[in-house]
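The file start_10.txt comes next; it holds compact mmCIF, C-alpha atoms.
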# COMPACT_ATOMS: atom_id res chain seq x y z
CA MET A 1 129.70 40.00 40.05
CA LYS A 2 129.45 43.57 38.91
CA LYS A 3 125.72 43.14 38.44
CA SER A 4 125.37 41.82 42.01
CA SER A 5 127.40 44.72 43.39
CA PHE A 6 125.22 47.14 41.50
CA ILE A 7 122.05 45.60 42.94
CA VAL A 8 123.47 45.75 46.50
CA LEU A 9 124.46 49.39 46.01
CA ASN A 10 120.96 50.24 44.84
CA ILE A 11 119.47 48.52 47.86
CA LEU A 12 121.76 50.47 50.23
CA ILE A 13 120.87 53.77 48.56
CA SER A 14 117.16 52.97 48.80
CA VAL A 15 117.51 52.14 52.51
CA PHE A 16 119.38 55.41 53.05
CA PHE A 17 116.66 57.55 51.44
CA ILE A 18 113.91 55.68 53.27
CA ALA A 19 115.70 56.35 56.55
CA CYS A 20 116.09 60.02 55.68
CA ASN A 21 112.44 60.34 54.76
CA ASN A 22 111.45 58.69 58.02
CA LYS A 23 113.67 61.13 59.92
CA LYS A 24 112.03 64.05 58.17
CA MET A 25 108.64 62.70 59.13
CA ILE A 26 109.76 62.44 62.72
CA ASP A 27 111.18 65.99 62.68
CA VAL A 28 107.90 67.57 61.66
CA VAL A 29 105.85 65.92 64.40
CA ASP A 30 104.52 68.58 66.78
CA VAL A 31 105.66 67.96 70.32
CA PRO A 32 103.89 70.01 73.00
CA LEU A 33 106.34 72.24 74.87
CA PRO A 34 106.30 72.32 78.67
CA GLU A 35 104.50 75.30 80.14
CA VAL A 36 106.81 78.13 81.17
CA GLU A 37 106.39 79.05 84.80
CA GLN A 38 105.28 82.64 85.17
CA LYS A 39 107.59 84.47 87.53
CA THR A 40 106.32 87.39 89.53
CA THR A 41 108.28 89.87 91.61
CA VAL A 42 106.96 90.22 95.13
CA ILE A 43 107.14 93.79 96.38
CA GLY A 44 107.87 94.02 100.08
CA ASN A 45 106.21 96.09 102.76
CA PRO A 46 108.09 99.23 103.89
CA ASP A 47 106.68 98.77 107.40
CA GLU A 48 108.72 95.58 107.70
CA VAL A 49 112.03 97.34 107.01
CA LYS A 50 113.81 97.99 110.29
CA ALA A 51 117.27 99.32 110.98
CA ASN A 52 119.56 97.54 113.39
CA GLU A 53 119.45 98.71 116.98
CA GLY A 54 121.04 102.11 117.31
CA THR A 55 120.52 105.84 117.72
CA PHE A 56 118.84 106.41 114.38
CA GLN A 57 115.94 104.64 112.70
CA LEU A 58 114.31 104.89 109.30
CA GLU A 59 111.71 107.56 108.70
CA LYS A 60 108.46 105.66 108.20
CA LEU A 61 107.25 105.58 104.62
CA PRO A 62 103.51 106.40 104.90
CA TYR A 63 102.54 104.55 101.70
CA ASP A 64 103.52 101.36 99.92
CA TYR A 65 106.16 101.01 97.23
CA THR A 66 103.60 100.97 94.41
CA ALA A 67 101.94 104.25 95.38
CA LEU A 68 104.12 106.44 93.13
CA GLU A 69 104.14 103.95 90.24
CA SER A 70 103.22 106.39 87.47
CA ASN A 71 106.20 108.58 88.36
CA ILE A 72 108.63 106.37 90.31
CA SER A 73 108.46 102.61 89.87
CA SER A 74 107.79 100.25 92.75
CA PHE A 75 111.10 98.51 92.04
CA THR A 76 112.95 101.81 92.41
CA MET A 77 111.12 102.71 95.61
CA GLU A 78 111.73 99.35 97.24
CA ASN A 79 115.39 99.28 96.21
CA HIS A 80 115.92 102.87 97.32
CA TYR A 81 114.18 102.62 100.67
CA SER A 82 114.87 99.07 101.84
CA LYS A 83 118.46 98.81 100.61
CA HIS A 84 120.22 102.16 100.14
CA TYR A 85 118.48 104.15 102.87
CA LEU A 86 118.64 101.19 105.23
CA ALA A 87 122.36 100.72 104.56
CA PHE A 88 123.16 104.36 105.35
CA THR A 89 121.15 104.12 108.57
CA ASN A 90 122.82 100.92 109.75
CA ASN A 91 126.28 102.15 108.81
CA LEU A 92 125.75 105.45 110.61
CA ASN A 93 124.66 103.71 113.80
CA LYS A 94 127.65 101.40 113.58
CA VAL A 95 130.24 104.11 113.04
CA ILE A 96 129.05 106.38 115.87
CA THR A 97 128.58 103.62 118.45
CA GLY A 98 130.71 104.34 121.51
CA THR A 99 131.46 107.93 120.44
CA ASP A 100 130.20 111.31 121.65
CA LEU A 101 128.13 111.54 118.46
CA GLU A 102 125.67 108.96 119.78
CA ALA A 103 124.05 111.59 122.00
CA LEU A 104 123.61 114.18 119.23
CA THR A 105 120.82 114.80 116.75
CA ILE A 106 121.60 114.17 113.09
CA GLU A 107 121.68 117.93 112.45
CA GLU A 108 124.23 118.38 115.24
CA ILE A 109 126.36 115.56 113.86
CA LEU A 110 126.37 117.11 110.39
CA ALA A 111 127.32 120.53 111.71
CA LYS A 112 130.08 119.13 113.92
CA LEU A 113 131.62 116.38 111.80
CA ASP A 114 135.09 116.61 110.33
CA PRO A 115 134.71 116.60 106.51
CA SER A 116 137.93 114.60 106.25
CA ASN A 117 136.24 111.70 108.05
CA ALA A 118 134.67 110.12 104.97
CA GLU A 119 132.96 107.29 106.83
CA ILE A 120 130.92 109.52 109.13
CA ARG A 121 130.45 112.19 106.47
CA ASN A 122 129.03 109.79 103.88
CA ASN A 123 126.77 107.82 106.19
CA ALA A 124 125.49 110.76 108.24
CA GLY A 125 124.82 112.65 105.02
CA GLY A 126 123.21 109.61 103.42
CA TYR A 127 120.92 109.14 106.40
CA TYR A 128 119.85 112.78 106.65
CA ASN A 129 119.46 113.31 102.90
CA HIS A 130 117.29 110.25 102.37
CA SER A 131 115.19 110.95 105.46
CA LEU A 132 114.31 114.35 104.00
CA TYR A 133 113.85 113.06 100.45
CA PHE A 134 111.27 110.44 101.41
CA LYS A 135 109.34 112.99 103.48
CA CYS A 136 109.26 115.37 100.51
CA ILE A 137 107.41 113.02 98.13
CA THR A 138 103.87 111.70 98.35
CA PRO A 139 101.19 110.02 96.23
CA ARG A 140 98.46 111.97 98.02
CA ASN A 141 97.90 115.39 96.50
CA GLY A 142 101.52 115.48 95.36
CA GLY A 143 102.75 117.99 92.81
CA GLY A 144 100.91 121.21 92.15
CA GLN A 145 102.25 124.32 93.85
CA PRO A 146 103.11 125.41 97.38
CA LYS A 147 100.70 127.56 99.37
CA ASP A 148 100.70 130.19 102.07
CA SER A 149 104.01 131.56 103.36
CA LEU A 150 106.21 129.29 101.22
CA ALA A 151 104.36 130.30 98.05
CA THR A 152 104.87 133.97 98.95
CA ALA A 153 108.57 133.42 99.67
CA ILE A 154 109.11 131.59 96.36
CA ASN A 155 107.36 134.33 94.40
CA THR A 156 109.36 137.00 96.21
CA LYS A 157 112.72 135.29 95.71
CA PHE A 158 112.32 133.79 92.22
CA GLY A 159 109.60 135.94 90.66
CA SER A 160 107.13 133.08 90.24
CA PHE A 161 106.72 129.38 90.84
CA THR A 162 107.36 128.81 87.13
CA ASN A 163 110.71 130.57 87.41
CA PHE A 164 111.59 128.59 90.52
CA THR A 165 110.79 125.30 88.75
CA ALA A 166 112.95 126.24 85.78
CA LEU A 167 115.88 127.24 88.00
CA PHE A 168 115.62 124.11 90.14
CA LYS A 169 115.54 121.85 87.09
CA ASP A 170 118.42 123.76 85.54
CA GLU A 171 120.49 123.18 88.68
CA ALA A 172 119.72 119.47 88.39
CA SER A 173 120.77 119.41 84.74
CA LYS A 174 124.21 120.81 85.62
CA GLN A 175 125.10 117.97 87.97
CA PHE A 176 127.64 115.41 86.84
CA GLY A 177 127.47 112.06 88.58
CA SER A 178 125.93 111.49 91.99
CA ALA A 179 124.49 114.63 93.54
CA TRP A 180 121.63 116.32 95.36
CA VAL A 181 119.70 119.49 94.56
CA TRP A 182 118.24 121.49 97.44
CA LEU A 183 115.85 124.26 98.26
CA ILE A 184 117.20 125.75 101.47
CA VAL A 185 116.61 128.55 103.92
CA ASP A 186 119.96 130.29 104.30
CA LYS A 187 121.30 131.96 107.43
CA SER A 188 119.58 135.22 106.47
CA GLY A 189 116.20 133.50 106.19
CA ASN A 190 116.15 133.65 102.40
CA LEU A 191 115.39 130.81 100.01
CA GLN A 192 118.18 129.51 97.81
CA ILE A 193 118.62 126.72 95.29
CA THR A 194 121.90 124.87 95.69
CA SER A 195 123.49 121.48 95.10
CA THR A 196 126.04 119.14 96.65
CA GLN A 197 127.98 116.12 95.45
CA ASN A 198 127.78 112.57 96.76
CA GLN A 199 126.06 112.54 100.19
CA ASP A 200 127.06 116.05 101.25
CA ASN A 201 124.41 118.60 102.21
CA PRO A 202 124.11 122.28 103.13
CA LEU A 203 124.29 121.58 106.87
CA MET A 204 127.95 120.55 106.58
CA ARG A 205 130.76 123.01 107.13
CA ASN A 206 132.28 122.27 103.73
CA ALA A 207 129.09 123.19 101.81
CA THR A 208 129.41 125.99 99.25
CA VAL A 209 126.11 127.44 100.49
CA ASN A 210 125.05 126.74 104.06
CA GLY A 211 121.48 126.62 105.20
CA LYS A 212 118.56 124.47 106.33
CA PRO A 213 117.30 122.14 103.56
CA ILE A 214 113.52 122.06 103.11
CA LEU A 215 113.34 120.16 99.79
CA ALA A 216 115.73 117.46 98.57
CA LEU A 217 116.09 115.91 95.11
CA ASP A 218 118.19 112.74 94.96
CA LEU A 219 120.21 112.52 91.73
CA TRP A 220 122.04 109.30 92.51
CA GLU A 221 121.38 106.63 89.88
CA HIS A 222 119.70 104.36 92.41
CA ALA A 223 116.94 106.99 92.71
CA TYR A 224 115.89 106.84 89.07
CA TYR A 225 117.82 104.43 86.83
CA LEU A 226 115.46 101.46 87.13
CA SER A 227 112.64 103.70 85.93
CA TYR A 228 114.31 106.14 83.55
CA GLN A 229 117.73 104.70 82.63
CA ASN A 230 119.81 107.59 81.26
CA LYS A 231 116.86 110.01 81.02
CA ARG A 232 117.59 111.88 84.21
CA SER A 233 115.65 114.97 83.14
CA ALA A 234 112.48 112.85 82.81
CA TYR A 235 112.95 111.73 86.41
CA VAL A 236 113.35 115.35 87.52
CA ASP A 237 110.11 116.25 85.74
CA ALA A 238 108.37 113.30 87.43
CA PHE A 239 109.72 114.39 90.82
CA PHE A 240 107.74 117.61 90.52
CA ASN A 241 104.59 115.52 90.13
CA VAL A 242 105.03 113.99 93.59
CA ILE A 243 106.51 116.78 95.70
CA ASN A 244 104.74 117.04 99.04
CA TRP A 245 104.44 120.83 99.11
CA LYS A 246 102.48 120.70 102.36
CA LYS A 247 105.47 119.08 104.07
CA VAL A 248 107.95 121.39 102.36
CA GLY A 249 105.90 124.33 103.62
CA GLU A 250 106.07 122.94 107.15
CA ASN A 251 109.84 122.55 106.75
CA TYR A 252 110.06 126.19 105.64
CA ASN A 253 108.13 127.50 108.64
CA GLU A 254 110.21 125.35 110.99
CA ALA A 255 113.48 126.60 109.45
CA LEU A 256 112.45 130.22 110.02
CA LYS A 257 112.08 129.58 113.74
CA LYS A 258 115.73 128.59 114.15
How does the structure come out when it is put into structure tokens?
Amino acid sequence: MKKSSFIVLNILISVFFIACNNKKMIDVVDVPLPEVEQKTTVIGNPDEVKANEGTFQLEKLPYDYTALESNISSFTMENHYSKHYLAFTNNLNKVITGTDLEALTIEEILAKLDPSNAEIRNNAGGYYNHSLYFKCITPRNGGGQPKDSLATAINTKFGSFTNFTALFKDEASKQFGSAWVWLIVDKSGNLQITSTQNQDNPLMRNATVNGKPILALDLWEHAYYLSYQNKRSAYVDAFFNVINWKKVGENYNEALKK
């Protein structure tokens, strides 16, 4: 009986090892994996971005989202223009509908608004600030240095373009959180570098330094984080590579007339 039990046990053990060996053989068989679908991100067309019906519309972006790629990513440009800028525009139109502000220019609204009215202040500022920002950057002959009367004014006020650049970047480095850095023409017709928090700007009554902005640097995270993460200073350096000094010069000459 014991001998029979021993034989049966040996048979069971043999079957077990055979099964295990077969399993191992099955495990090592190469099975082709399904092909992974390649996903691509489709970049939109800025010409197709339209604000809702209202007093104010988006400033047209005269190039596509990929045009500044080496300095500002296409993802950042599309997100910034078609979402944030669009939202400020739509919200501004909505909040001024049916009010006396509908008949005013954006500059008049900013000069007249009550700073305690956060809704109008934020959206009017957001609309104006972004409108200027997008006009101040370009992929076509961007960067370099200003010319003509603006170049003379910068050299006179700051000593040199190099000094101006250092001072402007230093002002940017001092900002904590969401902010803007500006080159403005003050009420005396002189150039000044200044900054504001959130969506405020130098046209508002509550600004520390009042004046007409001619160059705007957006320091909100949506302007740079997708490209530079926490390296804000790298974004500021890249901004100087795409400044449209021709447009800034036109802004300067226009500001002197007022």
Distance query Leu92 in chain A at most 9 Å, all atoms listed in the file, self and fewer than 2 positions along chain excluded, as a PyMOL selection string: chain A and resi 54-56+87-90+94-97+119-120+122-124+126-127
Nearest to Glu171 in chain A by atom-to-atom distance, counting only C-alpha atoms, from A:Ala151, A:Val248, A:Ile243, A:Ile193: A:Ile193
Distance query 12 Å from (116.5, 120.1, 98.2) using all atoms listed in the file, result as a ChimeraX atom specification: /A:128-137,168-169,171-172,179-185,191-196,200-203,211-219,239-240,243,248,251-252
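Remark: for Gln57 in chain A, the closest of the candidate residues A:Asn230, A:Ser188, A:Asn93, A:Phe164 is A:Asn93 (distances computed over all atoms listed in the file).
One finds CA of Trp245 in chain A at 23.6 Å from CA of Tyr228 in chain A.
Counting all atoms listed in the file, the residue from A:Thr138, A:Asn45, A:Thr105, A:Asn117 that sits nearest to Asn79 in chain A is A:Asn45.
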Need to verify the contact set: Lys50 in chain A, 9 Å, only C-alpha atoms, exclusion of same-chain residues closer than 5 positions in sequence. Can you return it as a short mmCIF file (atom, residue, chain, number, x, y, z; two decimals) with C-alpha atoms, in the coordinates of the input?
data_model
loop_
_atom_site.label_atom_id
_atom_site.label_comp_id
_atom_site.auth_asym_id
_atom_site.auth_seq_id
_atom_site.Cartn_x
_atom_site.Cartn_y
_atom_site.Cartn_z
CA GLN A 57 115.94 104.64 112.70
CA LEU A 58 114.31 104.89 109.30
CA SER A 82 114.87 99.07 101.84
CA LEU A 86 118.64 101.19 105.23
#
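Distances to Thr165 in chain A were evaluated for A:Asp237, A:Arg121, A:Tyr225, A:Glu107 using only C-alpha atoms, and the minimum falls at A:Asp237.
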Expected residue set, 9 Å radius at (114.1, 93.7, 95.6), all atoms listed in the file, as a PyMOL selection string: chain A and resi 41-44+75-76+78-79+82-83
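If you look at CA of Glu59 in chain A and CA of Tyr85 in chain A, they are 9.6 Å away from each other.
Across the structure, CA of Gly143 in chain A and CA of Glu221 in chain A are spaced 22.0 Å apart.
Nearest to Gln175 in chain A of all the residues A:Thr208, A:Gln145, A:Gln197, A:Val49 is A:Gln197, based on all atoms listed in the file.
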Contacts of Tyr235 in chain A within 8 Å, all atoms listed in the file, excl. fewer than 5 positions in-chain, as a count of residues only: 4
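Candidate residues A:Ala51, A:Met77, A:Ile154, A:Ala67 were compared for distance to Gly249 in chain A, and the nearest is A:Ile154, using all atoms listed in the file.
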